[in-house]
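Shown below: coords_8.tsv, with TSV, C-alpha atoms.
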chain	number	residue	atom	x	y	z
S	75	MET	CA	121.64	118.11	112.82
S	76	ARG	CA	120.58	114.46	112.75
S	77	LYS	CA	122.82	112.09	110.86
S	78	VAL	CA	120.69	110.01	108.47
S	79	SER	CA	121.29	107.33	105.84
S	80	ILE	CA	118.91	105.98	103.21
S	81	PHE	CA	119.33	102.42	101.94
S	82	GLY	CA	117.31	101.87	98.78
S	83	ALA	CA	117.34	105.58	97.95
S	84	THR	CA	116.34	105.20	94.30
S	85	GLY	CA	113.17	103.17	95.00
S	86	SER	CA	109.74	104.60	95.77
S	87	ILE	CA	110.22	104.58	99.57
S	88	GLY	CA	113.68	106.07	99.24
S	89	GLN	CA	112.47	108.81	96.90
S	90	ASN	CA	109.63	109.73	99.25
S	91	THR	CA	112.10	109.86	102.13
S	92	ILE	CA	114.38	112.15	100.13
S	93	ASP	CA	111.37	114.36	99.32
S	94	LEU	CA	110.74	114.92	103.04
S	95	ILE	CA	114.38	115.45	103.97
S	96	ALA	CA	114.94	117.86	101.09
S	97	ARG	CA	112.13	120.08	102.42
S	98	ASP	CA	114.17	120.70	105.58
S	99	PRO	CA	117.82	120.20	104.59
S	100	GLU	CA	119.24	122.21	107.48
S	101	SER	CA	117.99	119.58	109.94
S	102	TYR	CA	119.82	116.62	108.40
S	103	ASP	CA	123.38	115.54	107.78
S	104	VAL	CA	123.13	112.81	105.15
S	105	VAL	CA	125.76	110.13	105.62
S	106	ALA	CA	125.01	107.50	102.97
S	107	LEU	CA	122.68	106.86	100.06
S	108	THR	CA	122.53	103.47	98.35
S	109	GLY	CA	120.71	102.41	95.22
S	110	GLY	CA	120.59	99.97	92.34
S	111	ARG	CA	121.06	100.50	88.64
S	112	ASN	CA	119.80	104.06	88.45
S	113	THR	CA	123.18	105.62	89.16
S	114	ALA	CA	122.17	108.93	87.57
S	115	GLN	CA	119.33	109.37	90.09
S	116	LEU	CA	121.55	108.20	92.94
S	117	ALA	CA	124.21	110.76	92.02
S	118	ARG	CA	121.67	113.58	91.66
S	119	ASP	CA	120.23	112.86	95.08
S	120	ALA	CA	123.66	112.51	96.68
S	121	ARG	CA	124.64	115.92	95.30
S	122	ARG	CA	121.30	117.44	96.32
S	123	LEU	CA	121.55	116.18	99.90
S	124	LYS	CA	125.36	116.54	100.13
S	125	ALA	CA	125.83	112.94	101.18
S	126	ASP	CA	129.20	111.65	102.36
S	127	VAL	CA	129.00	108.47	100.25
S	128	ALA	CA	126.84	107.02	97.49
S	129	VAL	CA	126.82	103.27	96.86
S	130	THR	CA	125.38	101.24	94.00
S	131	ALA	CA	124.66	97.58	94.59
S	132	PHE	CA	126.22	96.67	91.24
S	133	PRO	CA	130.04	96.70	91.05
S	134	GLU	CA	130.01	96.97	87.27
S	135	LEU	CA	128.33	100.39	87.59
S	136	LEU	CA	130.97	101.93	89.86
S	137	ASP	CA	132.66	103.84	87.03
S	138	ASP	CA	129.29	105.30	85.98
S	139	LEU	CA	128.60	106.44	89.53
S	140	ARG	CA	132.06	107.94	89.91
S	141	ALA	CA	131.63	109.85	86.66
S	142	ALA	CA	128.24	111.18	87.77
S	143	LEU	CA	129.73	112.35	91.08
S	144	ASP	CA	132.91	113.80	89.56
S	145	GLY	CA	133.89	117.07	91.22
S	146	SER	CA	131.35	116.77	94.03
S	147	GLY	CA	133.71	115.43	96.69
S	148	ILE	CA	131.21	112.63	97.41
S	149	GLU	CA	132.73	109.18	97.80
S	150	ALA	CA	131.50	106.50	95.38
S	151	ALA	CA	131.43	102.78	96.12
S	152	ALA	CA	129.77	99.62	94.86
S	153	GLY	CA	128.77	96.12	95.88
S	154	ALA	CA	127.32	94.36	98.93
S	155	THR	CA	130.44	94.86	101.04
S	156	ALA	CA	130.38	98.60	100.34
S	157	ILE	CA	126.70	98.76	101.35
S	158	ASP	CA	127.49	96.99	104.61
S	159	GLU	CA	130.36	99.41	105.22
S	160	ALA	CA	128.04	102.35	104.61
S	161	ALA	CA	125.56	100.87	107.10
S	162	SER	CA	128.36	100.67	109.67
S	163	ARG	CA	128.95	104.43	109.52
S	164	PRO	CA	127.49	106.19	112.57
S	165	ALA	CA	124.00	107.58	111.96
S	166	ASP	CA	121.11	108.56	114.19
S	167	TRP	CA	118.37	107.39	111.81
S	168	VAL	CA	118.55	104.89	108.95
S	169	MET	CA	115.89	104.16	106.35
S	170	SER	CA	115.96	100.47	105.41
S	171	ALA	CA	114.19	100.36	102.04
S	172	ILE	CA	116.28	97.89	100.03
S	173	VAL	CA	113.87	95.44	98.42
S	174	GLY	CA	114.11	91.76	99.34
S	175	ALA	CA	116.42	89.69	101.51
S	176	ALA	CA	119.35	91.89	100.46
S	177	GLY	CA	118.16	94.43	103.03
S	178	LEU	CA	118.83	92.15	106.01
S	179	ALA	CA	122.61	92.54	106.38
S	180	PRO	CA	122.77	96.37	106.18
S	181	GLY	CA	119.81	96.61	108.56
S	182	LEU	CA	121.68	94.50	111.11
S	183	LYS	CA	124.80	96.65	110.65
S	184	ALA	CA	122.79	99.81	111.33
S	185	LEU	CA	121.25	98.32	114.46
S	186	GLU	CA	124.70	97.32	115.70
S	187	GLN	CA	125.59	101.05	115.63
S	188	GLY	CA	122.62	101.78	117.89
S	189	ALA	CA	120.76	103.67	115.16
S	190	THR	CA	117.01	104.10	114.93
S	191	LEU	CA	116.05	101.85	112.02
S	192	ALA	CA	113.04	102.95	109.98
S	193	LEU	CA	112.09	99.55	108.58
S	194	ALA	CA	110.45	99.43	105.17
S	195	ASN	CA	112.29	96.21	104.28
S	196	LYS	CA	109.66	93.78	105.53
S	197	GLU	CA	111.75	90.82	104.37
S	198	SER	CA	114.16	91.44	107.27
S	199	LEU	CA	111.49	90.51	109.81
S	200	VAL	CA	110.05	87.76	107.61
S	201	THR	CA	113.37	85.98	107.14
S	202	ALA	CA	114.99	86.72	110.50
S	203	GLY	CA	112.55	88.39	112.88
S	204	PRO	CA	114.11	87.08	116.12
S	205	LEU	CA	117.59	88.03	114.88
S	206	ILE	CA	116.55	91.57	113.95
S	207	MET	CA	114.63	92.22	117.16
S	208	GLY	CA	117.36	90.61	119.28
S	209	THR	CA	120.07	92.73	117.64
S	210	ALA	CA	118.07	95.89	118.31
S	211	LYS	CA	117.68	94.96	121.97
S	212	ALA	CA	121.34	94.03	122.38
S	213	HIS	CA	122.53	97.39	121.02
S	214	ASN	CA	119.84	99.59	122.56
S	215	ALA	CA	118.60	100.45	119.07
S	216	ARG	CA	115.03	101.19	118.07
S	217	ILE	CA	113.03	99.88	115.11
S	218	LEU	CA	110.17	101.97	113.76
S	219	PRO	CA	107.78	100.44	111.19
S	220	VAL	CA	107.42	102.14	107.81
S	221	ASP	CA	104.96	99.80	106.10
S	222	SER	CA	101.73	101.80	106.20
S	223	GLU	CA	99.90	98.96	107.95
S	224	HIS	CA	102.45	98.48	110.71
S	225	SER	CA	102.91	102.19	111.20
S	226	ALA	CA	99.13	102.36	111.64
S	227	VAL	CA	99.15	99.56	114.23
S	228	PHE	CA	102.09	101.19	116.02
S	229	GLN	CA	100.21	104.49	116.19
S	230	GLY	CA	97.04	102.76	117.34
S	231	LEU	CA	98.93	101.22	120.26
S	232	ILE	CA	100.45	104.44	121.60
S	233	GLY	CA	99.42	104.75	125.23
S	234	GLU	CA	97.64	101.38	125.19
S	235	ASP	CA	98.27	98.20	127.16
S	236	PHE	CA	99.09	95.47	124.66
S	237	ASP	CA	97.60	92.89	127.01
S	238	ALA	CA	94.22	94.47	126.22
S	239	VAL	CA	94.62	93.80	122.46
S	240	GLU	CA	92.47	90.99	121.04
S	241	ARG	CA	93.07	91.37	117.32
S	242	ILE	CA	95.13	93.24	114.77
S	243	ILE	CA	93.53	93.83	111.37
S	244	ILE	CA	95.71	94.87	108.44
S	245	THR	CA	94.00	95.95	105.26
S	246	ALA	CA	94.72	95.11	101.64
S	247	SER	CA	93.56	96.87	98.52
S	248	GLY	CA	93.22	93.54	96.70
S	249	GLY	CA	95.66	94.71	94.05
S	250	ALA	CA	95.24	94.76	90.31
S	251	PHE	CA	93.19	91.55	90.13
S	252	ARG	CA	90.78	91.91	93.05
S	253	ASP	CA	87.78	91.64	90.71
S	254	TRP	CA	89.24	89.19	88.19
S	255	SER	CA	88.16	85.57	87.86
S	256	LEU	CA	90.64	82.82	88.68
S	257	GLU	CA	90.63	81.84	85.03
S	258	ASP	CA	91.69	85.35	83.99
S	259	MET	CA	94.26	85.55	86.79
S	260	ALA	CA	95.88	82.37	85.50
S	261	GLN	CA	96.50	84.13	82.17
S	262	ALA	CA	97.61	87.48	83.64
S	263	THR	CA	100.77	89.08	82.29
S	264	PRO	CA	103.47	90.93	84.25
S	265	ALA	CA	102.34	94.19	82.64
S	266	GLN	CA	98.78	93.68	83.87
S	267	ALA	CA	99.99	92.76	87.36
S	268	SER	CA	102.24	95.84	87.53
S	269	SER	CA	99.43	98.39	87.71
S	270	HIS	CA	98.14	99.14	91.21
S	271	PRO	CA	94.70	100.73	91.61
S	272	ASN	CA	95.69	102.98	94.55
S	273	TRP	CA	99.40	103.06	95.35
S	274	ASN	CA	102.39	104.20	93.29
S	275	MET	CA	105.01	101.54	94.01
S	276	GLY	CA	107.79	99.61	92.32
S	277	GLN	CA	107.01	96.73	89.96
S	278	ARG	CA	107.89	93.86	92.27
S	279	ILE	CA	105.87	95.06	95.25
S	280	THR	CA	102.96	95.92	92.95
S	281	ILE	CA	102.89	92.36	91.61
S	282	ASP	CA	103.21	91.06	95.17
S	283	SER	CA	100.13	93.14	95.99
S	284	ALA	CA	98.18	91.54	93.15
S	285	SER	CA	99.09	88.04	94.39
S	286	MET	CA	98.63	89.09	98.05
S	287	PHE	CA	102.16	87.87	98.76
S	288	ASN	CA	102.92	91.38	100.00
S	289	LYS	CA	100.12	91.06	102.54
S	290	ALA	CA	101.32	87.57	103.49
S	291	LEU	CA	104.74	89.02	104.26
S	292	GLU	CA	103.03	91.71	106.34
S	293	VAL	CA	101.15	89.08	108.35
S	294	ILE	CA	104.50	87.53	109.30
S	295	GLU	CA	105.99	91.00	109.91
S	296	THR	CA	103.11	91.84	112.26
S	297	LYS	CA	103.77	88.80	114.41
S	298	GLU	CA	107.51	89.40	114.57
S	299	PHE	CA	107.32	93.15	115.24
S	300	PHE	CA	104.53	93.21	117.80
S	301	GLY	CA	105.13	89.78	119.33
S	302	CYS	CA	101.50	88.70	119.01
S	303	SER	CA	100.21	85.23	118.18
S	304	HIS	CA	99.48	84.62	114.52
S	305	ASP	CA	95.83	83.83	115.18
S	306	MET	CA	95.33	87.44	116.40
S	307	ILE	CA	96.19	88.76	112.93
S	308	GLU	CA	93.44	89.28	110.36
S	309	VAL	CA	93.47	90.58	106.79
S	310	LEU	CA	90.57	92.59	105.39
S	311	VAL	CA	90.21	93.70	101.77
S	312	HIS	CA	89.55	97.44	101.74
S	313	PRO	CA	89.52	98.73	98.14
S	314	GLU	CA	89.86	102.43	99.08
S	315	SER	CA	93.21	101.89	100.88
S	316	MET	CA	92.46	104.67	103.37
S	317	ILE	CA	92.04	102.63	106.55
S	318	HIS	CA	95.50	101.12	106.88
S	319	ALA	CA	94.98	98.98	109.97
S	320	LEU	CA	92.72	98.51	112.97
S	321	VAL	CA	93.53	97.40	116.51
S	322	GLY	CA	90.79	95.56	118.39
S	323	PHE	CA	90.65	95.67	122.19
S	324	ASN	CA	89.08	93.46	124.82
S	325	ASP	CA	86.24	95.93	125.38
S	326	GLY	CA	85.09	95.49	121.78
S	327	ALA	CA	86.55	98.80	120.57
S	328	LEU	CA	88.36	99.10	117.26
S	329	MET	CA	91.03	101.78	116.85
S	330	ALA	CA	91.37	102.58	113.14
S	331	HIS	CA	94.12	104.57	111.45
S	332	VAL	CA	92.72	106.54	108.50
S	333	GLY	CA	94.82	108.45	105.98
S	334	PRO	CA	95.47	108.92	102.27
S	335	PRO	CA	97.39	106.24	100.32
S	336	ASP	CA	100.64	108.23	100.53
S	337	MET	CA	103.77	106.59	101.95
S	338	ARG	CA	105.08	109.95	103.12
S	339	HIS	CA	102.78	109.68	106.11
S	340	ALA	CA	104.36	106.50	107.49
S	341	ILE	CA	107.84	107.68	106.48
S	342	GLY	CA	107.31	111.10	108.06
S	343	PHE	CA	105.95	109.57	111.27
S	344	ALA	CA	109.11	107.44	111.58
S	345	LEU	CA	111.39	110.33	110.57
S	346	HIS	CA	109.99	112.75	113.16
S	347	TRP	CA	109.08	110.28	115.93
S	348	PRO	CA	108.35	110.83	118.80
S	349	GLU	CA	107.02	114.15	117.51
S	350	ARG	CA	104.15	114.41	115.04
S	351	ARG	CA	104.90	117.12	112.47
S	352	LYS	CA	103.06	118.61	109.54
S	353	LEU	CA	103.38	116.59	106.34
S	354	PRO	CA	102.66	117.46	102.68
S	355	VAL	CA	99.92	114.84	102.24
S	356	GLU	CA	96.29	115.07	101.21
S	357	ARG	CA	93.71	115.92	103.86
S	358	LEU	CA	90.78	113.53	103.48
S	359	ASP	CA	87.28	114.89	102.88
S	360	LEU	CA	85.21	112.12	104.47
S	361	ALA	CA	81.91	113.61	103.34
S	362	LYS	CA	83.16	113.55	99.76
S	363	ILE	CA	84.46	109.99	100.12
S	364	GLY	CA	81.08	108.96	101.49
S	365	SER	CA	81.75	105.35	102.46
S	366	PHE	CA	84.39	102.71	102.98
S	367	HIS	CA	84.04	99.11	101.83
S	368	PHE	CA	85.38	95.86	103.27
S	369	ARG	CA	85.31	92.18	102.46
S	370	ASP	CA	87.06	89.03	103.57
S	371	PRO	CA	89.91	87.87	101.34
S	372	ASP	CA	89.20	84.78	99.25
S	373	MET	CA	91.75	82.19	100.36
S	374	VAL	CA	91.34	80.30	97.08
S	375	ARG	CA	92.33	83.40	95.13
S	376	TYR	CA	95.05	84.33	97.62
S	377	PRO	CA	96.72	81.16	98.96
S	378	ALA	CA	99.71	83.25	100.05
S	379	LEU	CA	97.72	84.33	103.12
S	380	ARG	CA	97.14	80.73	104.18
S	381	LEU	CA	100.81	79.94	103.64
S	382	ALA	CA	101.85	82.87	105.85
S	383	HIS	CA	99.91	81.49	108.82
S	384	GLU	CA	101.36	78.03	108.19
S	385	VAL	CA	104.86	79.51	108.17
S	386	LEU	CA	104.23	81.28	111.47
S	387	GLU	CA	102.85	78.12	113.04
S	388	ALA	CA	105.86	76.08	111.88
S	389	GLY	CA	108.42	78.73	112.90
S	390	GLY	CA	112.17	78.32	112.59
S	391	MET	CA	113.68	79.03	109.18
S	392	ASN	CA	110.36	78.76	107.36
S	393	GLY	CA	110.11	82.53	107.02
S	394	ALA	CA	113.43	82.63	105.16
S	395	ILE	CA	112.31	79.75	102.93
S	396	PHE	CA	108.97	81.43	102.24
S	397	ASN	CA	110.52	84.74	101.27
S	398	ALA	CA	113.31	83.29	99.12
S	399	ALA	CA	110.91	81.02	97.24
S	400	LYS	CA	108.55	83.95	96.73
S	401	GLU	CA	111.32	86.14	95.32
S	402	ARG	CA	112.42	83.46	92.86
S	403	ALA	CA	108.84	82.65	91.88
S	404	LEU	CA	108.32	86.34	91.12
S	405	ASP	CA	111.47	86.29	88.99
S	406	GLY	CA	110.05	83.27	87.17
S	407	PHE	CA	106.77	85.06	86.50
S	408	LEU	CA	108.54	88.17	85.22
S	409	GLU	CA	110.70	86.00	82.96
S	410	GLY	CA	107.66	84.17	81.57
S	411	ARG	CA	108.72	80.82	83.02
S	412	ILE	CA	105.56	80.34	85.11
S	413	GLY	CA	102.05	81.78	85.26
S	414	PHE	CA	100.68	84.19	87.83
S	415	LEU	CA	98.92	81.56	89.94
S	416	GLN	CA	101.92	79.24	89.78
S	417	MET	CA	103.90	81.59	92.01
S	418	ALA	CA	101.95	80.44	95.08
S	419	GLU	CA	102.13	76.83	93.92
S	420	THR	CA	105.91	77.14	93.64
S	421	VAL	CA	106.28	78.60	97.13
S	422	GLU	CA	104.06	75.94	98.70
S	423	GLU	CA	105.97	73.16	97.00
S	424	VAL	CA	109.32	74.54	98.19
S	425	LEU	CA	108.04	74.79	101.76
S	426	THR	CA	106.80	71.19	101.57
S	427	ARG	CA	110.05	69.81	100.19
S	428	MET	CA	112.28	71.66	102.63
S	429	SER	CA	110.13	70.91	105.69
S	430	VAL	CA	111.60	67.39	105.91
S	431	ASP	CA	115.03	68.83	106.74
S	432	THR	CA	114.35	69.48	110.43
S	433	ARG	CA	118.02	70.20	111.10
S	434	LEU	CA	117.83	73.12	108.66
S	435	ILE	CA	114.44	74.34	109.87
S	436	ASN	CA	115.53	74.35	113.51
S	437	ALA	CA	119.06	75.73	113.02
S	438	GLU	CA	120.26	78.58	115.22
S	439	MET	CA	119.24	81.84	113.55
S	440	THR	CA	122.31	83.80	112.48
S	441	LEU	CA	123.00	85.90	109.41
S	442	ASP	CA	124.99	82.98	107.94
S	443	THR	CA	122.30	80.35	108.54
S	444	VAL	CA	119.57	82.64	107.20
S	445	SER	CA	121.70	83.34	104.10
S	446	GLN	CA	122.36	79.62	103.58
S	447	THR	CA	118.66	78.82	103.93
S	448	ASP	CA	117.80	81.61	101.51
S	449	HIS	CA	120.26	80.20	98.97
S	450	LEU	CA	118.90	76.66	99.26
S	451	ALA	CA	115.29	77.81	98.96
S	452	ARG	CA	116.08	79.72	95.78
S	453	LYS	CA	117.66	76.60	94.28
S	454	ARG	CA	114.61	74.53	95.21
S	455	ALA	CA	112.31	77.15	93.67
S	456	ASP	CA	114.28	77.00	90.41
S	457	GLU	CA	113.97	73.20	90.42
S	458	VAL	CA	110.22	73.37	90.99
S	459	MET	CA	109.72	75.96	88.24
S	460	ALA	CA	111.75	73.84	85.84
S	461	GLU	CA	109.38	70.97	86.60
S	462	TRP	CA	106.34	73.17	85.89
S	463	GLN	CA	107.79	73.82	82.43
S	464	THR	CA	108.28	70.16	81.51
What would you get if you wrote out this structure as structure tokens?
Amino acid sequence: MRKVSIFGATGSIGQNTIDLIARDPESYDVVALTGGRNTAQLARDARRLKADVAVTAFPELLDDLRAALDGSGIEAAAGATAIDEAASRPADWVMSAIVGAAGLAPGLKALEQGATLALANKESLVTAGPLIMGTAKAHNARILPVDSEHSAVFQGLIGEDFDAVERIIITASGGAFRDWSLEDMAQATPAQASSHPNWNMGQRITIDSASMFNKALEVIETKEFFGCSHDMIEVLVHPESMIHALVGFNDGALMAHVGPPDMRHAIGFALHWPERRKLPVERLDLAKIGSFHFRDPDMVRYPALRLAHEVLEAGGMNGAIFNAAKERALDGFLEGRIGFLQMAETVEEVLTRMSVDTRLINAEMTLDTVSQTDHLARKRADEVMAEWQT
């Protein structure tokens, strides 16, 4: 039996992971499940999978979790320290699906145990790519991508010489507002931004898809994971969301990964790697689909993509600044403090203001320095948003 842990078990990635594991429970020994405020779901899944420990990120919910697990023999814990402790428990395979920068520390803890890390938490590579990849190398651990785009690139590179790669194309659906005017986007509400045309995801990532911030993070993630130059990375709007990525080679060939918009494919590939096993996903009828469509992203509509390339060119701590400012700007939009288009304006302004602190930008990358940079960037984002309101 493989020992597995799932961090972010109550989110969409975590639930899809649990769906796959629960179909073959005799093959897995579940060590830890962590979640957020949905302690009832966390407890149900911990009982279902017979986990050793269940952890909520919120200390004030520990009593609720304990009550829900009463009589099960499953340990209950709460808070960031408890999540880190759970990540330090020996496991063969760990799903990193905590949303945001909060996923960095437990991911590092899992890698330090030599575990295979199935990485759905793109913010880890965005904020601290060299630290994550260096930790994996130092502890002989492996990282497998779970974002559908990066899983597609990974699969397209199997058996290939990376020196022969000329370009990496990741696709984007365009999100909820791909056909809206800029004027309408400026007036968009969180409810309107929370509806994705193709994927079933959480609210925050769905809004990030509408602003293309999610794709901007994936551009940075591509560079950090595959070690390519940022000018090799392209984004293509593909409304059908069935071609997840393409790898272009020096002979002019394009290797495309085609599949349904179902995260269980990328999760299952990482879960079963290096084998490829049968998965409960739709089989595409290409004749019925008929055609695929593509278009270049409009950089005026989606300034996040431009900012991602600027962050990669500048290097250093700019990834941590970019992500932290983006997370706070999203909070501001959800709270009604700023408009939809002001999220990108906020992030760009924070990057500009913090770029003058070269000592910060060029600091040695450790968990502490990344955390400090994240904290400062969030404060700057709050200051900028307060200025937008005056």
Each residue of range 309-375 of chain S lying at most 12 Å from range 274-294 of chain S should get a row with its shortest atom-to-atom pair and the distance in Å to one decimal, counting all atoms listed in the file; could you produce that, ordered by chain and increasing number, as JSON lines?
{"residue": "S:Val309", "atom": "CA", "partner": "S:Lys289", "partner_atom": "CA", "distance": 7.9}
{"residue": "S:Leu310", "atom": "CA", "partner": "S:Lys289", "partner_atom": "CA", "distance": 10.1}
{"residue": "S:Val311", "atom": "CA", "partner": "S:Lys289", "partner_atom": "CA", "distance": 10.3}
{"residue": "S:His318", "atom": "CA", "partner": "S:Lys289", "partner_atom": "CA", "distance": 11.9}
{"residue": "S:Ala319", "atom": "CA", "partner": "S:Glu292", "partner_atom": "CA", "distance": 11.4}
{"residue": "S:Pro335", "atom": "CA", "partner": "S:Asn274", "partner_atom": "CA", "distance": 8.9}
{"residue": "S:Asp336", "atom": "CA", "partner": "S:Asn274", "partner_atom": "CA", "distance": 8.5}
{"residue": "S:Met337", "atom": "CA", "partner": "S:Asn274", "partner_atom": "CA", "distance": 9.1}
{"residue": "S:Arg338", "atom": "CA", "partner": "S:Asn274", "partner_atom": "CA", "distance": 11.7}
{"residue": "S:Pro371", "atom": "CA", "partner": "S:Met286", "partner_atom": "CA", "distance": 9.4}
{"residue": "S:Asp372", "atom": "CA", "partner": "S:Met286", "partner_atom": "CA", "distance": 10.4}
{"residue": "S:Met373", "atom": "CA", "partner": "S:Met286", "partner_atom": "CA", "distance": 10.0}
{"residue": "S:Val374", "atom": "CA", "partner": "S:Ser285", "partner_atom": "CA", "distance": 11.3}
{"residue": "S:Arg375", "atom": "CA", "partner": "S:Ser285", "partner_atom": "CA", "distance": 8.2}
task: Find, counting only C-alpha atoms, the residue in S:Asn436, S:Ser222, S:Gln261, S:Asn392 that gets nearest to Pro334 in chain S.
output: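 Checking each of S:Asn436, S:Ser222, S:Gln261, S:Asn392 against Pro334 in chain S, counting only C-alpha atoms, the winner is S:Ser222.
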message: List as a list in words the protein and nucleic acid residues near range 320-332 of chain S, meaning an atom at most 6 Å away when all atoms listed in the file are counted, but skip any in the same chain fewer than 2 places from it.
response: Ala226, Ala238, Val239, Glu240, Arg241, Ile242, Ile243, Met316, Ile317 and His318 of chain S
task: Can you work out the spacing between CA of Ile80 in chain S and CA of Ala398 in chain S in Å, to one decimal?
output: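 Answer for the CA of Ile80 in chain S to CA of Ala398 in chain S separation: 23.7 Å.
Interatomic distance, CA of Ile307 in chain S against CA of Val220 in chain S: 18.2 Å.
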- prompt: Hey, can you check how far CA of Gly342 in chain S sits from CA of Ile87 in chain S?
  reply: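 Computed distance, CA of Gly342 in chain S to CA of Ile87 in chain S, equals 11.1 Å.
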- request: Write out as JSON, numbers by chain which residues come within 10 Å of Ile157 in chain S when counting all atoms listed in the file, dropping same-chain ones fewer than 3 positions away.
  value: {"S": [81, 106, 107, 108, 109, 128, 129, 130, 131, 151, 152, 153, 154, 160, 161, 162, 177, 179, 180, 183]}
task: Counting only C-alpha atoms, write as number ranges by chain all protein and nucleic acid residues lying at most 10 Å from (102.6, 99.5, 111.2) in the file's frame.
output: S: 193-194, 218-231, 244, 292, 295-296, 299-300, 318-319, 331, 340
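By chain and then residue number, the residues within 10 Å of Ser365 in chain S are Glu314, Leu360 and Ala361 of chain S, counting all atoms listed in the file and disregarding those fewer than 4 positions away in sequence.
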Contacts of Met428 in chain S within 10 Å, all atoms listed in the file, excl. fewer than 2 positions in-chain, as a list in words: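 Non-adjacent residues within range: Met391, Asn392, Ile395, Glu423, Val424, Leu425, Thr426, Val430, Asp431, Thr432, Leu434, Ile435, Thr447, Leu450, Ala451 and Arg454 of chain S.
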Option closest in space to Thr91 in chain S, from S:Ala202, S:Val173, S:Val78, S:Leu386 [counting all atoms listed in the file]: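 Under the stated criterion, the closest residue is S:Val78.
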message: Could you check the closest approach to Glu422 in chain S for each of S:Met459, S:Leu441, S:Leu136, S:Ala212 and tell me which residue wins, using only C-alpha atoms?
response: S:Met459
Take every atom of range 252-271 of chain S listed in the file, fit an axis-aligned box around them, add 6 Å per side, and give the centre and edge lengths in Å to one decimal as lines of an AutoDock Vina configuration file.
center_x = 95.6
center_y = 91.3
center_z = 87.6
size_x = 27.7
size_y = 30.9
size_z = 22.9
Would you kindly place all heavy atoms on range 290-294 of chain S and return the model as an mmCIF file, in the frame of the given file?
data_model
loop_
_atom_site.group_PDB
_atom_site.id
_atom_site.type_symbol
_atom_site.label_atom_id
_atom_site.label_comp_id
_atom_site.auth_asym_id
_atom_site.auth_seq_id
_atom_site.Cartn_x
_atom_site.Cartn_y
_atom_site.Cartn_z
ATOM 1 N N ALA S 290 100.856 88.744 102.749
ATOM 2 C CA ALA S 290 101.320 87.570 103.490
ATOM 3 C C ALA S 290 102.605 87.891 104.250
ATOM 4 O O ALA S 290 102.770 87.508 105.419
ATOM 5 C CB ALA S 290 101.535 86.399 102.533
ATOM 6 N N LEU S 291 103.521 88.596 103.584
ATOM 7 C CA LEU S 291 104.740 89.020 104.260
ATOM 8 C C LEU S 291 104.405 89.926 105.443
ATOM 9 O O LEU S 291 105.031 89.850 106.512
ATOM 10 C CB LEU S 291 105.663 89.762 103.289
ATOM 11 C CG LEU S 291 106.248 88.971 102.125
ATOM 12 C CD1 LEU S 291 107.075 89.889 101.230
ATOM 13 C CD2 LEU S 291 107.108 87.811 102.602
ATOM 14 N N GLU S 292 103.405 90.785 105.268
ATOM 15 C CA GLU S 292 103.030 91.710 106.340
ATOM 16 C C GLU S 292 102.370 90.997 107.519
ATOM 17 O O GLU S 292 102.475 91.458 108.656
ATOM 18 C CB GLU S 292 102.116 92.800 105.781
ATOM 19 C CG GLU S 292 102.848 93.760 104.853
ATOM 20 C CD GLU S 292 101.921 94.740 104.153
ATOM 21 O OE1 GLU S 292 100.696 94.695 104.409
ATOM 22 O OE2 GLU S 292 102.423 95.544 103.348
ATOM 23 N N VAL S 293 101.698 89.892 107.254
ATOM 24 C CA VAL S 293 101.150 89.080 108.350
ATOM 25 C C VAL S 293 102.307 88.572 109.220
ATOM 26 O O VAL S 293 102.278 88.669 110.456
ATOM 27 C CB VAL S 293 100.320 87.908 107.807
ATOM 28 C CG1 VAL S 293 100.011 86.902 108.912
ATOM 29 C CG2 VAL S 293 99.014 88.418 107.203
ATOM 30 N N ILE S 294 103.336 88.035 108.561
ATOM 31 C CA ILE S 294 104.500 87.530 109.300
ATOM 32 C C ILE S 294 105.202 88.687 110.011
ATOM 33 O O ILE S 294 105.604 88.572 111.175
ATOM 34 C CB ILE S 294 105.463 86.812 108.344
ATOM 35 C CG1 ILE S 294 104.761 85.615 107.692
ATOM 36 C CG2 ILE S 294 106.723 86.366 109.077
ATOM 37 C CD1 ILE S 294 105.568 84.922 106.608
#
